[in-house]
>>> print(open('entry.txt').read())   # compact mmCIF, C-alpha atoms
# COMPACT_ATOMS: atom_id res chain seq x y z
CA MET A 24 93.79 32.57 -113.75
CA LYS A 25 94.87 32.88 -117.36
CA ASN A 26 93.49 35.82 -119.31
CA VAL A 27 91.40 34.38 -122.17
CA THR A 28 91.18 36.41 -125.36
CA ASN A 29 90.68 35.64 -129.00
CA SER A 30 93.90 36.26 -130.85
CA LEU A 31 96.17 34.74 -133.45
CA SER A 32 99.87 35.53 -133.40
CA ILE A 33 101.74 34.94 -136.67
CA VAL A 34 105.16 33.85 -135.42
CA ALA A 35 108.32 33.68 -137.52
CA THR A 36 110.48 30.62 -136.83
CA PRO A 37 114.17 29.89 -137.47
CA ILE A 38 115.50 29.03 -140.92
CA GLY A 39 118.15 26.35 -140.42
CA ASN A 40 119.56 27.46 -137.06
CA LEU A 41 117.11 26.84 -134.19
CA GLU A 42 118.81 29.58 -132.16
CA ASP A 43 117.56 32.23 -134.60
CA ILE A 44 114.33 32.80 -132.69
CA SER A 45 113.41 35.93 -130.79
CA TYR A 46 112.65 36.12 -127.08
CA ARG A 47 109.24 37.51 -128.02
CA ALA A 48 108.50 34.54 -130.31
CA VAL A 49 109.44 32.09 -127.53
CA SER A 50 107.22 33.97 -125.07
CA VAL A 51 104.25 33.90 -127.45
CA LEU A 52 104.70 30.18 -128.15
CA LYS A 53 105.00 29.40 -124.42
CA ASN A 54 101.90 31.41 -123.54
CA CYS A 55 99.52 30.50 -126.37
CA ASP A 56 96.89 27.80 -126.01
CA ILE A 57 97.36 26.07 -129.37
CA ILE A 58 99.83 26.17 -132.25
CA ILE A 59 98.78 25.92 -135.88
CA CYS A 60 101.68 24.67 -137.98
CA GLU A 61 102.58 23.28 -141.39
CA ASN A 62 104.17 20.04 -140.29
CA PRO A 63 103.88 18.96 -136.65
CA LYS A 64 106.91 16.63 -136.93
CA HIS A 65 109.05 19.53 -138.13
CA SER A 66 107.62 21.99 -135.59
CA LEU A 67 108.24 19.58 -132.73
CA LYS A 68 112.01 19.88 -133.28
CA LEU A 69 111.85 23.57 -132.39
CA LEU A 70 109.21 23.22 -129.69
CA ASN A 71 111.08 20.37 -127.97
CA LYS A 72 114.30 22.43 -127.99
CA LEU A 73 112.36 25.27 -126.32
CA GLY A 74 110.61 22.93 -123.84
CA ILE A 75 107.18 23.86 -125.19
CA LYS A 76 104.35 21.34 -125.21
CA LYS A 77 101.15 22.51 -126.93
CA LYS A 78 98.33 21.03 -128.97
CA LEU A 79 99.36 21.24 -132.64
CA PHE A 80 97.07 21.51 -135.66
CA ALA A 81 98.53 20.85 -139.12
CA LEU A 82 97.49 23.48 -141.70
CA HIS A 83 98.04 22.96 -145.43
CA ASP A 84 96.58 24.53 -148.57
CA TYR A 85 94.42 21.41 -149.11
CA ASN A 86 92.95 21.28 -145.56
CA GLU A 87 92.80 24.93 -144.55
CA GLN A 88 89.00 25.28 -144.61
CA LYS A 89 88.57 22.02 -142.69
CA ILE A 90 91.06 23.09 -140.00
CA ILE A 91 89.44 26.51 -139.68
CA ARG A 92 86.06 24.82 -139.04
CA GLN A 93 87.73 22.44 -136.58
CA ILE A 94 89.41 25.19 -134.53
CA GLU A 95 87.02 28.13 -134.95
CA GLY A 96 85.85 27.81 -131.33
CA LEU A 97 89.47 27.93 -130.17
CA LEU A 98 90.20 30.93 -132.39
CA ARG A 99 87.27 32.78 -130.84
CA ASN A 100 88.18 32.00 -127.22
CA LYS A 101 91.90 31.25 -126.94
CA ASN A 102 95.31 32.65 -127.76
CA CYS A 103 96.61 30.84 -130.82
CA ALA A 104 99.87 30.94 -132.76
CA LEU A 105 100.57 30.23 -136.43
CA ILE A 106 104.04 29.03 -137.41
CA SER A 107 105.53 27.69 -140.63
CA ASP A 108 108.28 25.11 -141.04
CA ALA A 109 110.85 27.88 -141.44
CA GLY A 110 110.73 31.65 -141.63
CA SER A 111 107.70 33.90 -141.74
CA PRO A 112 104.29 32.23 -142.09
CA LEU A 113 102.23 33.04 -145.18
CA ILE A 114 105.27 33.79 -147.37
CA SER A 115 104.73 31.01 -149.92
CA ASP A 116 103.13 29.01 -147.09
CA PRO A 117 99.50 28.23 -146.16
CA GLY A 118 97.49 30.53 -143.91
CA TYR A 119 95.82 33.08 -146.19
CA ASN A 120 92.31 31.71 -145.57
CA LEU A 121 92.96 31.54 -141.83
CA ILE A 122 93.95 35.21 -141.76
CA GLN A 123 90.87 36.14 -143.81
CA TYR A 124 88.71 34.20 -141.34
CA CYS A 125 90.26 36.07 -138.40
CA ILE A 126 89.77 39.47 -140.05
CA LYS A 127 86.14 38.67 -140.91
CA ASN A 128 85.45 37.46 -137.36
CA LYS A 129 87.30 40.29 -135.61
CA ILE A 130 89.91 37.99 -134.10
CA LYS A 131 92.95 40.02 -133.10
CA LEU A 132 96.01 39.42 -135.30
CA THR A 133 99.60 40.07 -134.28
CA SER A 134 102.78 39.50 -136.28
CA ILE A 135 105.89 38.43 -134.42
CA PRO A 136 108.76 39.22 -136.82
CA GLY A 137 111.84 37.10 -137.17
CA PRO A 138 113.98 35.24 -139.67
CA SER A 139 113.30 35.71 -143.36
CA SER A 140 115.26 34.19 -146.20
CA ILE A 141 114.32 37.05 -148.50
CA ILE A 142 116.02 39.95 -146.70
CA PRO A 143 119.41 38.25 -146.07
CA SER A 144 119.43 37.07 -149.71
CA LEU A 145 118.89 40.63 -150.88
CA GLN A 146 121.52 41.98 -148.48
CA LEU A 147 124.13 39.53 -149.75
CA SER A 148 123.26 39.88 -153.45
CA GLY A 149 124.95 43.19 -154.15
CA LEU A 150 121.85 44.18 -156.16
CA PRO A 151 119.89 47.44 -155.69
CA LEU A 152 117.51 47.08 -152.73
CA SER A 153 115.42 50.24 -152.82
CA THR A 154 112.72 48.29 -154.69
CA PHE A 155 112.30 44.60 -155.39
CA THR A 156 109.63 42.17 -156.50
CA PHE A 157 108.96 38.83 -154.81
CA PHE A 158 107.59 36.11 -157.08
CA GLY A 159 107.29 33.19 -154.64
CA PHE A 160 108.14 29.67 -155.79
CA VAL A 161 109.11 28.92 -159.37
CA PRO A 162 106.18 27.08 -161.05
CA LYS A 163 106.24 23.32 -161.60
CA SER A 164 105.72 23.07 -165.35
CA LYS A 165 108.38 23.97 -167.90
CA ASN A 166 105.89 26.14 -169.86
CA LYS A 167 105.05 28.16 -166.74
CA ILE A 168 108.78 28.53 -165.99
CA LEU A 169 109.29 29.82 -169.56
CA GLU A 170 106.47 32.32 -169.06
CA LEU A 171 108.00 33.45 -165.77
CA GLY A 172 111.43 33.75 -167.41
CA LYS A 173 109.93 36.00 -170.10
CA ASN A 174 108.34 38.22 -167.43
CA LEU A 175 111.59 38.35 -165.46
CA SER A 176 113.53 39.42 -168.54
CA GLN A 177 111.31 42.52 -168.70
CA GLU A 178 111.50 43.25 -164.95
CA LYS A 179 113.47 46.38 -164.01
CA LYS A 180 113.47 45.82 -160.24
CA THR A 181 115.55 43.30 -158.35
CA SER A 182 113.63 40.00 -158.40
CA VAL A 183 113.43 37.42 -155.64
CA LEU A 184 112.19 33.86 -156.21
CA PHE A 185 112.19 30.59 -154.32
CA VAL A 186 113.70 27.79 -156.42
CA SER A 187 113.89 24.19 -155.20
CA SER A 188 117.20 22.43 -155.75
CA HIS A 189 115.75 20.00 -158.31
CA LYS A 190 114.47 22.90 -160.48
CA LEU A 191 117.51 25.14 -160.21
CA GLU A 192 119.40 23.83 -163.25
CA ILE A 193 116.42 24.05 -165.65
CA PHE A 194 115.49 27.47 -164.25
CA ILE A 195 119.00 28.85 -164.88
CA GLU A 196 119.01 27.38 -168.41
CA ILE A 197 115.70 29.10 -169.15
CA LEU A 198 116.89 32.43 -167.75
CA GLU A 199 120.08 32.25 -169.83
CA SER A 200 117.94 31.86 -172.98
CA PHE A 201 116.55 35.40 -172.62
>>> encode(input="entry.txt", output="structure tokens")
Amino acid sequence: MKNVTNSLSIVATPIGNLEDISYRAVSVLKNCDIIICENPKHSLKLLNKLGIKKKLFALHDYNEQKIIRQIEGLLRNKNCALISDAGSPLISDPGYNLIQYCIKNKIKLTSIPGPSSIIPSLQLSGLPLSTFTFFGFVPKSKNKILELGKNLSQEKKTSVLFVSSHKLEIFIEILESF
């Protein structure tokens, strides 16, 4: 008989190469009862490669409270896993409210480390790594990007940001203006 507990494992998933997943992450995903993910279609690529079939719940910033209400019984009585489309969940991804819910309701949390785009980027940058600041995604509006650029021009630590390909050119132009 399966041991039933209330836990949520935050599981890092591969970034680009599906083979960049730890044995521990695979074990957790195989042994959990449900998987909470950003995009089930995307997550199925990894899960199918691993031969894992689980009930998936899509979690986004706009539906997080609704999903928490929908699965709160499962969170209290089952082993659950949270994954993002790529990398470590919660790093510029949804899940903050879910984690707060688990803390408030004494649901055990575990982090299963794995791929992160931030650390390899820092390692390859040649910049000082003893301290750095992570700013998340570059904002959508040009005015907010200008404000961010101004703040970055004053920053003394190495800075890490996520920039989508369609914003990269304008972002570089703004940074060069400081």
>>> atom_distance(input="entry.txt", atom1="CA of Leu52 in chain A", atom2="CA of Cys125 in chain A")
18.7 Å
>>> closest_residue(input="entry.txt", among="A:Glu196, A:Val49, A:Ser115, A:Leu145", to="Asn71 in chain A", atoms="all atoms listed in the file")
A:Val49
>>> closest_residue(input="entry.txt", among="A:Ile90, A:Lys167, A:Pro162, A:Ile106", to="Val186 in chain A", atoms="all atoms listed in the file")
A:Pro162
>>> residues_around(input="entry.txt", residues="Asn174 in chain A", least_positions_apart="4", cutoff="12 Å", atoms="only C-alpha atoms", output="list in words")
Thr156, Phe158, Lys167, Ile168, Leu169, Glu170, Glu178, Lys179, Lys180, Ser182, Ile197, Leu198 and Phe201 of chain A
>>> write_last_selection(input="entry.txt", atoms="C-alpha atoms", output="short mmCIF file (atom, residue, chain, number, x, y, z; two decimals), in the coordinates of the input")
data_model
loop_
_atom_site.label_atom_id
_atom_site.label_comp_id
_atom_site.auth_asym_id
_atom_site.auth_seq_id
_atom_site.Cartn_x
_atom_site.Cartn_y
_atom_site.Cartn_z
CA THR A 156 109.63 42.17 -156.50
CA PHE A 158 107.59 36.11 -157.08
CA LYS A 167 105.05 28.16 -166.74
CA ILE A 168 108.78 28.53 -165.99
CA LEU A 169 109.29 29.82 -169.56
CA GLU A 170 106.47 32.32 -169.06
CA GLU A 178 111.50 43.25 -164.95
CA LYS A 179 113.47 46.38 -164.01
CA LYS A 180 113.47 45.82 -160.24
CA SER A 182 113.63 40.00 -158.40
CA ILE A 197 115.70 29.10 -169.15
CA LEU A 198 116.89 32.43 -167.75
CA PHE A 201 116.55 35.40 -172.62
#
>>> atom_distance(input="entry.txt", atom1="CA of Val34 in chain A", atom2="CA of Lys78 in chain A")
15.9 Å
>>> atom_distance(input="entry.txt", atom1="CA of Phe194 in chain A", atom2="CA of Leu82 in chain A")
29.1 Å
>>> closest_residue(input="entry.txt", among="A:Leu150, A:Ile91, A:Ile193, A:Leu175", to="Asn120 in chain A", atoms="all atoms listed in the file")
A:Ile91
>>> closest_residue(input="entry.txt", among="A:Lys129, A:Pro112, A:Ser50, A:Phe160", to="Gly74 in chain A", atoms="only C-alpha atoms")
A:Ser50
>>> residues_around(input="entry.txt", residues="Pro117 in chain A", least_positions_apart="5", cutoff="12 Å", atoms="only C-alpha atoms", output="number ranges by chain")
A: 33, 59-62, 81-88, 90, 105-108, 111-112, 122-123
>>> residues_around(input="entry.txt", residues="Leu31 in chain A", least_positions_apart="5", cutoff="7 Å", atoms="all atoms listed in the file", output="list in words")
Asn102, Cys103, Ala104, Leu105, Lys131, Leu132 and Thr133 of chain A
>>> write_last_selection(input="entry.txt", atoms="C-alpha atoms", output="compact mmCIF listing (two decimals), keeping the file's coordinate frame")
# COMPACT_ATOMS: atom_id res chain seq x y z
CA ASN A 102 95.31 32.65 -127.76
CA CYS A 103 96.61 30.84 -130.82
CA ALA A 104 99.87 30.94 -132.76
CA LEU A 105 100.57 30.23 -136.43
CA LYS A 131 92.95 40.02 -133.10
CA LEU A 132 96.01 39.42 -135.30
CA THR A 133 99.60 40.07 -134.28
>>> residues_around(input="entry.txt", residues="Leu73 in chain A", least_positions_apart="2", cutoff="10 Å", atoms="all atoms listed in the file", output="list in words")
Leu41, Glu42, Val49, Leu52, Lys53, Leu67, Lys68, Leu69, Leu70, Asn71, Ile75 and Lys76 of chain A
>>> closest_residue(input="entry.txt", among="A:Tyr124, A:Ser139, A:Ile195, A:Ile38", to="Arg92 in chain A", atoms="all atoms listed in the file")
A:Tyr124
>>> residues_around(input="entry.txt", residues="Ile94 in chain A", least_positions_apart="5", cutoff="9 Å", atoms="all atoms listed in the file", output="list of chain:residue names")
A:Phe80, A:Lys89, A:Arg99
>>> closest_residue(input="entry.txt", among="A:Gly159, A:Pro63, A:Pro151, A:Gly39", to="Leu113 in chain A", atoms="only C-alpha atoms")
A:Gly159
>>> residues_near_point(input="entry.txt", point="(112.1, 31.3, -149.3)", cutoff="7 Å", atoms="all atoms listed in the file", output="ChimeraX atom specification")
/A:140-141,185
>>> axis_aligned_box(input="entry.txt", around="range 41-54 of chain A", padding_each_side="3 Å", output="lines of an AutoDock Vina configuration file")
center_x = 110.4
center_y = 32.2
center_z = -129.1
size_x = 22.9
size_y = 16.7
size_z = 17.1
